[in-house]
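Here is coords-v8.pdb, consisting of PDB, C-alpha atoms:
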```
ATOM      1  CA  MET D   1     -10.882  54.301 -24.053
ATOM      2  CA  LEU D   2     -10.700  56.851 -21.217
ATOM      3  CA  VAL D   3      -9.542  54.139 -18.827
ATOM      4  CA  LEU D   4      -6.763  53.119 -21.227
ATOM      5  CA  LYS D   5      -5.603  56.736 -21.523
ATOM      6  CA  LYS D   6      -5.460  57.070 -17.737
ATOM      7  CA  PHE D   7      -3.569  53.809 -17.479
ATOM      8  CA  ALA D   8      -1.098  54.840 -20.209
ATOM      9  CA  LYS D   9      -0.215  57.982 -18.246
ATOM     10  CA  ASP D  10       0.752  55.889 -15.217
ATOM     11  CA  LYS D  11       4.364  55.027 -16.072
ATOM     12  CA  PRO D  12       4.972  52.612 -13.148
ATOM     13  CA  ALA D  13       1.810  50.701 -14.060
ATOM     14  CA  VAL D  14       2.819  50.490 -17.728
ATOM     15  CA  LEU D  15       6.266  49.268 -16.713
ATOM     16  CA  GLY D  16       4.611  46.685 -14.461
ATOM     17  CA  LEU D  17       2.415  45.520 -17.338
ATOM     18  CA  ILE D  18       5.471  45.145 -19.596
ATOM     19  CA  ILE D  19       7.266  43.065 -16.951
ATOM     20  CA  VAL D  20       4.187  40.875 -16.423
ATOM     21  CA  LEU D  21       3.767  40.315 -20.164
ATOM     22  CA  ILE D  22       7.449  39.350 -20.481
ATOM     23  CA  VAL D  23       7.088  36.908 -17.575
ATOM     24  CA  ILE D  24       3.982  35.359 -19.148
ATOM     25  CA  PHE D  25       5.756  35.073 -22.517
ATOM     26  CA  VAL D  26       8.764  33.386 -20.904
ATOM     27  CA  ALA D  27       6.498  30.997 -18.983
ATOM     28  CA  ILE D  28       4.579  29.964 -22.103
ATOM     29  CA  PHE D  29       7.644  29.385 -24.266
ATOM     30  CA  ALA D  30      10.052  28.313 -21.502
ATOM     31  CA  PRO D  31      11.122  24.983 -23.095
ATOM     32  CA  LEU D  32      11.928  26.790 -26.340
ATOM     33  CA  LEU D  33      13.737  29.727 -24.712
ATOM     34  CA  ALA D  34      15.872  27.677 -22.327
ATOM     35  CA  PRO D  35      19.219  26.839 -24.021
ATOM     36  CA  TYR D  36      19.547  23.658 -21.948
ATOM     37  CA  PRO D  37      16.002  22.408 -21.205
ATOM     38  CA  GLY D  38      17.396  19.019 -20.229
ATOM     39  CA  ASP D  39      19.042  20.575 -17.180
ATOM     40  CA  VAL D  40      15.886  20.077 -15.128
ATOM     41  CA  SER D  41      17.119  16.764 -13.758
ATOM     42  CA  ALA D  42      20.547  16.277 -15.359
ATOM     43  CA  SER D  43      23.873  16.774 -13.612
ATOM     44  CA  HIS D  44      27.260  17.787 -15.037
ATOM     45  CA  LEU D  45      29.747  17.654 -12.195
ATOM     46  CA  LEU D  46      32.695  18.655 -14.367
ATOM     47  CA  ARG D  47      31.243  22.130 -14.892
ATOM     48  CA  ARG D  48      29.783  22.727 -11.416
ATOM     49  CA  LEU D  49      29.812  26.252  -9.945
ATOM     50  CA  LYS D  50      31.222  27.880 -13.069
ATOM     51  CA  PRO D  51      30.874  31.706 -13.195
ATOM     52  CA  PRO D  52      28.792  33.396 -15.914
ATOM     53  CA  THR D  53      30.141  32.963 -19.454
ATOM     54  CA  TRP D  54      28.762  33.371 -22.963
ATOM     55  CA  ALA D  55      27.749  29.713 -22.961
ATOM     56  CA  TYR D  56      26.187  29.954 -19.488
ATOM     57  CA  PRO D  57      25.049  33.573 -18.974
ATOM     58  CA  PHE D  58      23.998  32.994 -15.347
ATOM     59  CA  GLY D  59      26.733  30.459 -14.546
ATOM     60  CA  SER D  60      26.159  26.904 -13.312
ATOM     61  CA  ASP D  61      24.929  25.507 -10.001
ATOM     62  CA  ASN D  62      26.307  22.904  -7.605
ATOM     63  CA  LEU D  63      25.405  20.090 -10.023
ATOM     64  CA  GLY D  64      26.721  21.834 -13.126
ATOM     65  CA  ARG D  65      23.267  22.753 -14.422
ATOM     66  CA  ASP D  66      22.707  25.945 -16.390
ATOM     67  CA  ILE D  67      21.161  28.493 -14.014
ATOM     68  CA  PHE D  68      19.821  30.574 -16.912
ATOM     69  CA  SER D  69      17.791  27.613 -18.184
ATOM     70  CA  ARG D  70      16.542  26.773 -14.702
ATOM     71  CA  VAL D  71      15.465  30.374 -14.059
ATOM     72  CA  ILE D  72      13.509  30.367 -17.328
ATOM     73  CA  LEU D  73      11.931  26.996 -16.605
ATOM     74  CA  GLY D  74      11.128  28.123 -13.058
ATOM     75  CA  THR D  75       9.003  30.958 -14.452
ATOM     76  CA  ARG D  76       6.337  28.505 -15.567
ATOM     77  CA  GLY D  77       6.184  26.880 -12.128
ATOM     78  CA  ALA D  78       5.984  30.240 -10.340
ATOM     79  CA  LEU D  79       3.101  31.465 -12.503
ATOM     80  CA  MET D  80       1.330  28.121 -12.254
ATOM     81  CA  ILE D  81       1.462  28.251  -8.461
ATOM     82  CA  ALA D  82       0.314  31.879  -8.309
ATOM     83  CA  THR D  83      -2.532  31.392 -10.790
ATOM     84  CA  THR D  84      -3.786  28.250  -9.045
ATOM     85  CA  VAL D  85      -3.620  29.748  -5.557
ATOM     86  CA  VAL D  86      -5.276  33.041  -6.485
ATOM     87  CA  GLY D  87      -7.935  31.259  -8.569
ATOM     88  CA  LEU D  88      -8.858  28.827  -5.791
ATOM     89  CA  ALA D  89      -8.802  31.625  -3.203
ATOM     90  CA  MET D  90     -11.284  33.553  -5.346
ATOM     91  CA  VAL D  91     -13.543  30.500  -5.677
ATOM     92  CA  ILE D  92     -13.630  30.192  -1.877
ATOM     93  CA  GLY D  93     -13.512  33.816  -0.800
ATOM     94  CA  VAL D  94     -15.804  35.588  -3.264
ATOM     95  CA  PRO D  95     -18.987  33.526  -2.601
ATOM     96  CA  LEU D  96     -18.394  33.743   1.161
ATOM     97  CA  GLY D  97     -18.018  37.515   0.888
ATOM     98  CA  LEU D  98     -21.243  37.784  -1.121
ATOM     99  CA  LEU D  99     -23.215  35.680   1.346
ATOM    100  CA  GLY D 100     -21.733  37.372   4.407
ATOM    101  CA  GLY D 101     -22.410  40.835   3.032
ATOM    102  CA  TYR D 102     -25.937  40.194   1.789
ATOM    103  CA  TYR D 103     -27.406  38.365   4.753
ATOM    104  CA  ILE D 104     -27.671  39.628   8.316
ATOM    105  CA  GLY D 105     -27.575  37.115  11.156
ATOM    106  CA  TRP D 106     -25.487  34.406  12.740
ATOM    107  CA  GLY D 107     -24.398  32.979   9.371
ATOM    108  CA  SER D 108     -22.885  36.286   8.282
ATOM    109  CA  GLU D 109     -21.269  36.769  11.685
ATOM    110  CA  PHE D 110     -19.764  33.275  11.560
ATOM    111  CA  ILE D 111     -18.270  33.831   8.095
ATOM    112  CA  MET D 112     -16.699  37.132   9.041
ATOM    113  CA  ARG D 113     -15.389  35.975  12.425
ATOM    114  CA  VAL D 114     -13.652  33.016  10.764
ATOM    115  CA  THR D 115     -12.278  35.434   8.168
ATOM    116  CA  ASP D 116     -10.996  37.734  10.914
ATOM    117  CA  MET D 117      -9.322  34.780  12.633
ATOM    118  CA  PHE D 118      -7.342  33.999   9.482
ATOM    119  CA  LEU D 119      -6.488  37.656   8.884
ATOM    120  CA  ALA D 120      -5.309  38.094  12.476
ATOM    121  CA  VAL D 121      -2.364  35.759  11.850
ATOM    122  CA  PRO D 122       0.335  36.821   9.338
ATOM    123  CA  GLN D 123      -0.157  34.807   6.160
ATOM    124  CA  LEU D 124       3.425  33.555   6.036
ATOM    125  CA  ILE D 125       3.300  32.212   9.604
ATOM    126  CA  LEU D 126      -0.030  30.490   8.989
ATOM    127  CA  ALA D 127       1.122  29.064   5.639
ATOM    128  CA  LEU D 128       4.290  27.713   7.251
ATOM    129  CA  ALA D 129       2.252  26.058   9.993
ATOM    130  CA  LEU D 130      -0.080  24.405   7.491
ATOM    131  CA  ALA D 131       2.712  23.354   5.140
ATOM    132  CA  GLN D 132       4.565  21.817   8.070
ATOM    133  CA  LEU D 133       1.649  19.409   8.564
ATOM    134  CA  MET D 134       1.920  18.087   5.008
ATOM    135  CA  THR D 135       4.542  16.378   2.866
ATOM    136  CA  PRO D 136       6.850  18.959   1.237
ATOM    137  CA  SER D 137       5.710  19.439  -2.361
ATOM    138  CA  ILE D 138       4.383  22.080  -4.722
ATOM    139  CA  GLU D 139       0.848  20.795  -4.130
ATOM    140  CA  SER D 140       1.232  21.170  -0.368
ATOM    141  CA  ALA D 141       2.552  24.718  -0.797
ATOM    142  CA  MET D 142      -0.365  25.649  -3.061
ATOM    143  CA  LEU D 143      -2.890  24.203  -0.613
ATOM    144  CA  ALA D 144      -1.327  26.047   2.334
ATOM    145  CA  LEU D 145      -1.258  29.342   0.425
ATOM    146  CA  THR D 146      -4.841  28.922  -0.788
ATOM    147  CA  LEU D 147      -6.134  28.258   2.719
ATOM    148  CA  THR D 148      -4.464  31.443   3.945
ATOM    149  CA  TYR D 149      -5.307  33.773   1.055
ATOM    150  CA  TRP D 150      -9.082  33.410   0.584
ATOM    151  CA  PRO D 151      -9.934  35.763   3.514
ATOM    152  CA  PHE D 152      -8.529  38.726   1.579
ATOM    153  CA  PHE D 153     -11.156  38.230  -1.144
ATOM    154  CA  THR D 154     -13.885  37.601   1.416
ATOM    155  CA  ARG D 155     -13.200  40.868   3.229
ATOM    156  CA  ILE D 156     -13.156  42.943   0.030
ATOM    157  CA  VAL D 157     -16.316  41.399  -1.439
ATOM    158  CA  TYR D 158     -18.083  41.610   1.934
ATOM    159  CA  ALA D 159     -17.470  45.374   2.116
ATOM    160  CA  GLU D 160     -18.613  45.933  -1.481
ATOM    161  CA  THR D 161     -21.723  43.795  -0.987
ATOM    162  CA  ARG D 162     -22.667  45.695   2.172
ATOM    163  CA  ARG D 163     -22.338  48.953   0.264
ATOM    164  CA  LEU D 164     -24.397  47.783  -2.720
ATOM    165  CA  LYS D 165     -27.037  45.936  -0.723
ATOM    166  CA  ASN D 166     -28.975  49.114   0.070
ATOM    167  CA  ALA D 167     -28.771  50.542  -3.466
ATOM    168  CA  LEU D 168     -32.030  51.397  -5.219
ATOM    169  CA  PHE D 169     -31.511  48.889  -8.031
ATOM    170  CA  ILE D 170     -31.206  46.075  -5.474
ATOM    171  CA  ASP D 171     -34.474  47.192  -3.835
ATOM    172  CA  ALA D 172     -36.106  47.197  -7.260
ATOM    173  CA  LEU D 173     -34.870  43.681  -7.999
ATOM    174  CA  GLN D 174     -36.196  42.448  -4.651
ATOM    175  CA  CYS D 175     -39.590  44.010  -5.344
ATOM    176  CA  MET D 176     -39.666  42.279  -8.725
ATOM    177  CA  GLY D 177     -39.140  38.940  -6.987
ATOM    178  CA  ALA D 178     -35.611  38.271  -8.229
ATOM    179  CA  SER D 179     -33.976  35.312  -6.490
ATOM    180  CA  VAL D 180     -31.033  35.812  -4.152
ATOM    181  CA  PRO D 181     -28.537  33.943  -6.395
ATOM    182  CA  ARG D 182     -29.592  36.128  -9.325
ATOM    183  CA  ILE D 183     -29.111  39.314  -7.307
ATOM    184  CA  LEU D 184     -25.760  38.193  -5.937
ATOM    185  CA  PHE D 185     -24.107  36.764  -9.039
ATOM    186  CA  LEU D 186     -25.705  38.793 -11.840
ATOM    187  CA  HIS D 187     -25.957  42.223 -10.232
ATOM    188  CA  ILE D 188     -23.782  42.594  -7.140
ATOM    189  CA  LEU D 189     -20.810  40.487  -8.270
ATOM    190  CA  PRO D 190     -20.247  42.442 -11.543
ATOM    191  CA  ASN D 191     -19.965  45.613  -9.470
ATOM    192  CA  CYS D 192     -17.253  43.967  -7.352
ATOM    193  CA  ILE D 193     -15.190  42.691 -10.277
ATOM    194  CA  SER D 194     -12.842  45.686 -10.440
ATOM    195  CA  SER D 195     -11.849  45.344  -6.774
ATOM    196  CA  ILE D 196     -11.438  41.577  -7.179
ATOM    197  CA  ILE D 197      -9.156  42.031 -10.196
ATOM    198  CA  VAL D 198      -6.962  44.497  -8.312
ATOM    199  CA  ARG D 199      -6.696  42.148  -5.327
ATOM    200  CA  ALA D 200      -5.925  39.205  -7.622
ATOM    201  CA  THR D 201      -3.200  41.108  -9.496
ATOM    202  CA  ILE D 202      -1.432  42.152  -6.314
ATOM    203  CA  GLY D 203      -2.011  38.674  -4.916
ATOM    204  CA  MET D 204      -0.180  37.078  -7.850
ATOM    205  CA  GLY D 205       3.068  38.807  -6.922
ATOM    206  CA  PHE D 206       2.608  38.185  -3.214
ATOM    207  CA  THR D 207       1.865  34.494  -3.802
ATOM    208  CA  ILE D 208       4.995  34.072  -5.934
ATOM    209  CA  LEU D 209       7.004  35.576  -3.080
ATOM    210  CA  MET D 210       5.340  33.335  -0.465
ATOM    211  CA  ALA D 211       5.871  30.235  -2.634
ATOM    212  CA  ALA D 212       9.549  31.143  -2.959
ATOM    213  CA  VAL D 213       9.805  31.463   0.824
ATOM    214  CA  LEU D 214       8.219  28.043   1.308
ATOM    215  CA  GLY D 215      10.600  26.586  -1.272
ATOM    216  CA  PHE D 216      13.538  28.249   0.466
ATOM    217  CA  LEU D 217      12.512  26.702   3.796
ATOM    218  CA  GLY D 218      12.091  23.250   2.256
ATOM    219  CA  MET D 219       8.286  23.208   2.458
ATOM    220  CA  GLY D 220       7.520  23.757  -1.208
ATOM    221  CA  ALA D 221       9.164  22.484  -4.357
ATOM    222  CA  THR D 222      11.595  19.596  -4.005
ATOM    223  CA  PRO D 223      14.723  18.770  -6.063
ATOM    224  CA  PRO D 224      15.213  18.617  -8.978
ATOM    225  CA  ASP D 225      12.333  21.059  -9.681
ATOM    226  CA  PRO D 226      13.602  24.352 -11.194
ATOM    227  CA  ASP D 227      12.157  26.489  -8.400
ATOM    228  CA  TRP D 228      13.501  29.971  -7.609
ATOM    229  CA  GLY D 229      13.165  29.703  -3.840
ATOM    230  CA  LEU D 230      14.692  26.241  -3.799
ATOM    231  CA  ALA D 231      17.633  27.476  -5.892
ATOM    232  CA  ILE D 232      18.380  30.225  -3.364
ATOM    233  CA  SER D 233      18.181  27.696  -0.549
ATOM    234  CA  GLU D 234      20.656  25.377  -2.288
ATOM    235  CA  SER D 235      23.068  28.258  -2.926
ATOM    236  CA  ARG D 236      23.531  29.291   0.716
ATOM    237  CA  GLN D 237      26.502  27.033   1.437
ATOM    238  CA  TYR D 238      28.362  28.325  -1.635
ATOM    239  CA  LEU D 239      28.126  32.032  -0.788
ATOM    240  CA  PRO D 240      29.811  34.433  -1.251
ATOM    241  CA  ASP D 241      32.215  32.786  -3.706
ATOM    242  CA  SER D 242      29.514  31.478  -6.072
ATOM    243  CA  TRP D 243      27.429  34.666  -5.866
ATOM    244  CA  TRP D 244      25.662  34.009  -9.192
ATOM    245  CA  PHE D 245      23.964  30.887  -7.816
ATOM    246  CA  ALA D 246      21.665  32.947  -5.558
ATOM    247  CA  THR D 247      21.705  36.281  -7.381
ATOM    248  CA  PHE D 248      19.886  35.429 -10.597
ATOM    249  CA  PRO D 249      16.994  33.396  -9.094
ATOM    250  CA  GLY D 250      16.644  36.213  -6.548
ATOM    251  CA  LEU D 251      16.457  38.818  -9.296
ATOM    252  CA  ALA D 252      13.816  36.730 -11.078
ATOM    253  CA  ILE D 253      11.674  36.795  -7.921
ATOM    254  CA  PHE D 254      12.312  40.517  -7.410
ATOM    255  CA  PHE D 255      11.336  41.673 -10.897
ATOM    256  CA  THR D 256       8.315  39.365 -11.159
ATOM    257  CA  VAL D 257       6.870  40.487  -7.820
ATOM    258  CA  LEU D 258       7.706  44.112  -8.632
ATOM    259  CA  GLY D 259       5.901  43.874 -11.974
ATOM    260  CA  PHE D 260       2.691  42.480 -10.485
ATOM    261  CA  ASN D 261       2.742  45.002  -7.633
ATOM    262  CA  MET D 262       3.207  48.010  -9.925
ATOM    263  CA  LEU D 263       0.464  46.738 -12.237
ATOM    264  CA  GLY D 264      -1.859  46.168  -9.278
ATOM    265  CA  ASP D 265      -1.171  49.653  -7.915
ATOM    266  CA  GLY D 266      -1.982  51.156 -11.286
ATOM    267  CA  LEU D 267      -5.242  49.255 -11.559
ATOM    268  CA  ARG D 268      -6.136  50.286  -8.007
ATOM    269  CA  ASP D 269      -5.607  53.952  -8.876
ATOM    270  CA  ILE D 270      -8.052  53.613 -11.775
ATOM    271  CA  VAL D 271     -10.653  51.711  -9.744
ATOM    272  CA  ASP D 272     -10.527  54.072  -6.745
ATOM    273  CA  PRO D 273      -8.864  57.477  -7.424
ATOM    274  CA  ARG D 274      -9.087  58.262  -3.683
ATOM    275  CA  LEU D 275      -6.257  55.764  -3.147
ATOM    276  CA  ARG D 276      -4.070  57.332  -5.838
ATOM    277  CA  ARG D 277      -0.380  57.253  -5.043
ATOM    278  CA  SER D 278       1.413  60.511  -4.435
ATOM    279  CA  ARG D 279       3.963  61.228  -7.120
TER     280      ARG D 279
END
```
Take the structure I supplied and represent it as structure tokens, if you would.
Amino acid sequence: MLVLKKFAKDKPAVLGLIIVLIVIFVAIFAPLLAPYPGDVSASHLLRRLKPPTWAYPFGSDNLGRDIFSRVILGTRGALMIATTVVGLAMVIGVPLGLLGGYYIGWGSEFIMRVTDMFLAVPQLILALALAQLMTPSIESAMLALTLTYWPFFTRIVYAETRRLKNALFIDALQCMGASVPRILFLHILPNCISSIIVRATIGMGFTILMAAVLGFLGMGATPPDPDWGLAISESRQYLPDSWWFATFPGLAIFFTVLGFNMLGDGLRDIVDPRLRRSR
């Protein structure tokens, strides 16, 4: 209850939560909310590049498709990519962080040096390099993003495990003969959950942004997928006259990433008050 009261006083975090809940709602009910759900693969050349009207609030694209419907339908794809990437990155990074933090020796050093190698290269550059080696598709983009995001979880869990390893309750468990998997997953991991959740929340917004960049560069979603980054890429040759073509998918990316970042910042303030933002 005290945590909820603290969270409720953080207006940016509450606003972020509202945005995230709206995005999730839109993603779940996208086919019902989109006025023209058939515009995923259809084309209507007679109404191409029409400005916003009551019938088409966000206007139409180069193939006459309703941009409003495609933005709504693209929400599901964006959340699916972010959830899959962050989930797989956690599956890889969290166990490696636990093992690297608990043990001392060449195994721990190897895990952390590989982690440092990945973290030394900007994620976008590394993701672009990996995606370039594969066939452009959503699956390739998700794989590239997963392979570049797991080190963030490894580093966080490693630091928490190192801190908890010397705690008295861990010494007591070792004296009682508790197995290493039991200590790691039933006692150390629960104490790392709050930091993992914060990293995952912020990572959702960052992954959506990275996926949009890959789509924009032609290394992610392919036509006719209703992808936000791909829509901005297709709109370049029609700017500035058909400004709506790029504006509304761009705003969808902006508000979604903003919502996850504000929510993640709020959760971080609750988990570690020392990192509280200055207001």
Of the listed residues D:Gly64, D:Gly38, D:Pro122, D:Gly203, that which approaches Gly264 of chain D most closely, counting all atoms listed in the file: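 Distance minimum relative to Gly264 of chain D lands on D:Gly203.
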Residues at most 12 Å from Ile188 of chain D, counting all atoms listed in the file, excluding those fewer than 3 positions away in the same chain, as an NGL selection string? :D and (94-95 or 97-99 or 101-102 or 157-167 or 169-170 or 173 or 180-185 or 191-194)
Out of D:Ala221, D:Leu63, D:Leu79, D:Ala34, which residue has the shortest atom-to-atom distance to Pro136 of chain D when counting all atoms listed in the file?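 The shortest atom-to-atom distance to Pro136 of chain D comes from D:Ala221.
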Surrounding residues of Thr115 of chain D excluding itself and chain neighbours under 6 positions, 10 Å, only C-alpha atoms, as a PyMOL selection string: chain D and resi 93+96-97+109+148+150-155
If you count all atoms listed in the file, which residues fall within 6 Å of segment 67-69 of chain D, apart from same-chain ones fewer than 5 positions away, as a short mmCIF file (atom, residue, chain, number, x, y, z; two decimals) with C-alpha atoms, in the frame of the given file?
```cif
data_model
loop_
_atom_site.label_atom_id
_atom_site.label_comp_id
_atom_site.auth_asym_id
_atom_site.auth_seq_id
_atom_site.Cartn_x
_atom_site.Cartn_y
_atom_site.Cartn_z
CA ALA D 34 15.87 27.68 -22.33
CA TYR D 36 19.55 23.66 -21.95
CA PHE D 58 24.00 32.99 -15.35
CA GLY D 59 26.73 30.46 -14.55
CA SER D 60 26.16 26.90 -13.31
#
```
Any chance you could resolve the PyMOL selection byres ((chain D and resi 214) around 10) against this file and give the residues as a PyMOL selection string? chain D and resi 124+127-128+131-132+136-138+140-142+144-145+208-213+215-221+229-230
Restricted to C-alpha atoms, what would the selected residues look like written as a PDB file, in the coordinates of the input?
```pdb
ATOM      1  CA  LEU D 124       3.425  33.555   6.036  1.00  0.00           C
ATOM      2  CA  ALA D 127       1.122  29.064   5.639  1.00  0.00           C
ATOM      3  CA  LEU D 128       4.290  27.713   7.251  1.00  0.00           C
ATOM      4  CA  ALA D 131       2.712  23.354   5.140  1.00  0.00           C
ATOM      5  CA  GLN D 132       4.565  21.817   8.070  1.00  0.00           C
ATOM      6  CA  PRO D 136       6.850  18.959   1.237  1.00  0.00           C
ATOM      7  CA  SER D 137       5.710  19.439  -2.361  1.00  0.00           C
ATOM      8  CA  ILE D 138       4.383  22.080  -4.722  1.00  0.00           C
ATOM      9  CA  SER D 140       1.232  21.170  -0.368  1.00  0.00           C
ATOM     10  CA  ALA D 141       2.552  24.718  -0.797  1.00  0.00           C
ATOM     11  CA  MET D 142      -0.365  25.649  -3.061  1.00  0.00           C
ATOM     12  CA  ALA D 144      -1.327  26.047   2.334  1.00  0.00           C
ATOM     13  CA  LEU D 145      -1.258  29.342   0.425  1.00  0.00           C
ATOM     14  CA  ILE D 208       4.995  34.072  -5.934  1.00  0.00           C
ATOM     15  CA  LEU D 209       7.004  35.576  -3.080  1.00  0.00           C
ATOM     16  CA  MET D 210       5.340  33.335  -0.465  1.00  0.00           C
ATOM     17  CA  ALA D 211       5.871  30.235  -2.634  1.00  0.00           C
ATOM     18  CA  ALA D 212       9.549  31.143  -2.959  1.00  0.00           C
ATOM     19  CA  VAL D 213       9.805  31.463   0.824  1.00  0.00           C
ATOM     20  CA  GLY D 215      10.600  26.586  -1.272  1.00  0.00           C
ATOM     21  CA  PHE D 216      13.538  28.249   0.466  1.00  0.00           C
ATOM     22  CA  LEU D 217      12.512  26.702   3.796  1.00  0.00           C
ATOM     23  CA  GLY D 218      12.091  23.250   2.256  1.00  0.00           C
ATOM     24  CA  MET D 219       8.286  23.208   2.458  1.00  0.00           C
ATOM     25  CA  GLY D 220       7.520  23.757  -1.208  1.00  0.00           C
ATOM     26  CA  ALA D 221       9.164  22.484  -4.357  1.00  0.00           C
ATOM     27  CA  GLY D 229      13.165  29.703  -3.840  1.00  0.00           C
ATOM     28  CA  LEU D 230      14.692  26.241  -3.799  1.00  0.00           C
TER      29      LEU D 230
END
```
List as a tab-separated table every residue of segment 17-102 of chain D that is in contact with segment 237-252 of chain D, defined as an atom at most 10 Å from one of its atoms (using all atoms listed in the file), together with the nearest atom pair and the distance in Å rounded to one decimal, sorted by chain and then rising number.
```
residue	atom	partner	partner_atom	distance
D:Val23	CA	D:Ala252	CA	9.4
D:Leu49	CA	D:Ser242	CA	6.5
D:Lys50	CA	D:Ser242	CA	8.1
D:Pro51	CA	D:Trp244	CA	7.0
D:Pro52	CA	D:Trp244	CA	7.4
D:Pro57	CA	D:Trp244	CA	9.8
D:Phe58	CA	D:Trp244	CA	6.5
D:Gly59	CA	D:Trp244	CA	6.5
D:Ser60	CA	D:Phe245	CA	7.1
D:Asp61	CA	D:Phe245	CA	5.9
D:Asn62	CA	D:Tyr238	CA	8.3
D:Asp66	CA	D:Phe245	CA	10.0
D:Ile67	CA	D:Phe245	CA	7.2
D:Phe68	CA	D:Phe248	CA	8.0
D:Arg70	CA	D:Pro249	CA	8.7
D:Val71	CA	D:Pro249	CA	6.0
D:Ile72	CA	D:Ala252	CA	8.9
D:Gly74	CA	D:Pro249	CA	8.8
D:Thr75	CA	D:Ala252	CA	8.2
```
Find the axis-aligned box for segment 197-210 of chain D, covering all its listed atoms and adding 3 Å on each side, and write its centre and edge lengths in Å to one decimal as JSON.
```
{"center_x": -1.1, "center_y": 38.9, "center_z": -5.3, "size_x": 22.2, "size_y": 17.2, "size_z": 15.7}
```
Could you jot down the atom CA of Ala200 of chain D to atom CA of Gly259 of chain D separation for me, Å, one decimal place?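 Between atom CA of Ala200 of chain D and atom CA of Gly259 of chain D the gap works out to 13.4 Å.
The result of the PyMOL selection byres ((chain D and resi 18) around 12) on the shown file is Ala8, Lys11, Pro12, Ala13, Val14, Leu15, Gly16, Leu17, Ile19, Val20, Leu21, Ile22, Val23, Ile24, Phe25, Phe255, Thr256, Leu258, Gly259, Phe260, Met262 and Leu263 of chain D.
Here atom CA of Leu73 of chain D and atom CA of Tyr56 of chain D stand 14.8 Å from one another.
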Point out the residue among D:Leu33, D:Ala178, D:Ile197, D:Ala231 with the least atom-to-atom distance to Asp265 of chain D, counting all atoms listed in the file. D:Ile197
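If you look at atom CA of Asp39 of chain D and atom CA of Val86 of chain D, they are 29.3 Å away from each other.
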For the file shown, what are the residues hit by the PyMOL selection byres ((chain D and resi 84) around 10), laid out as number ranges by chain? D: 79-83, 85-90, 142-143, 145-146, 204, 207
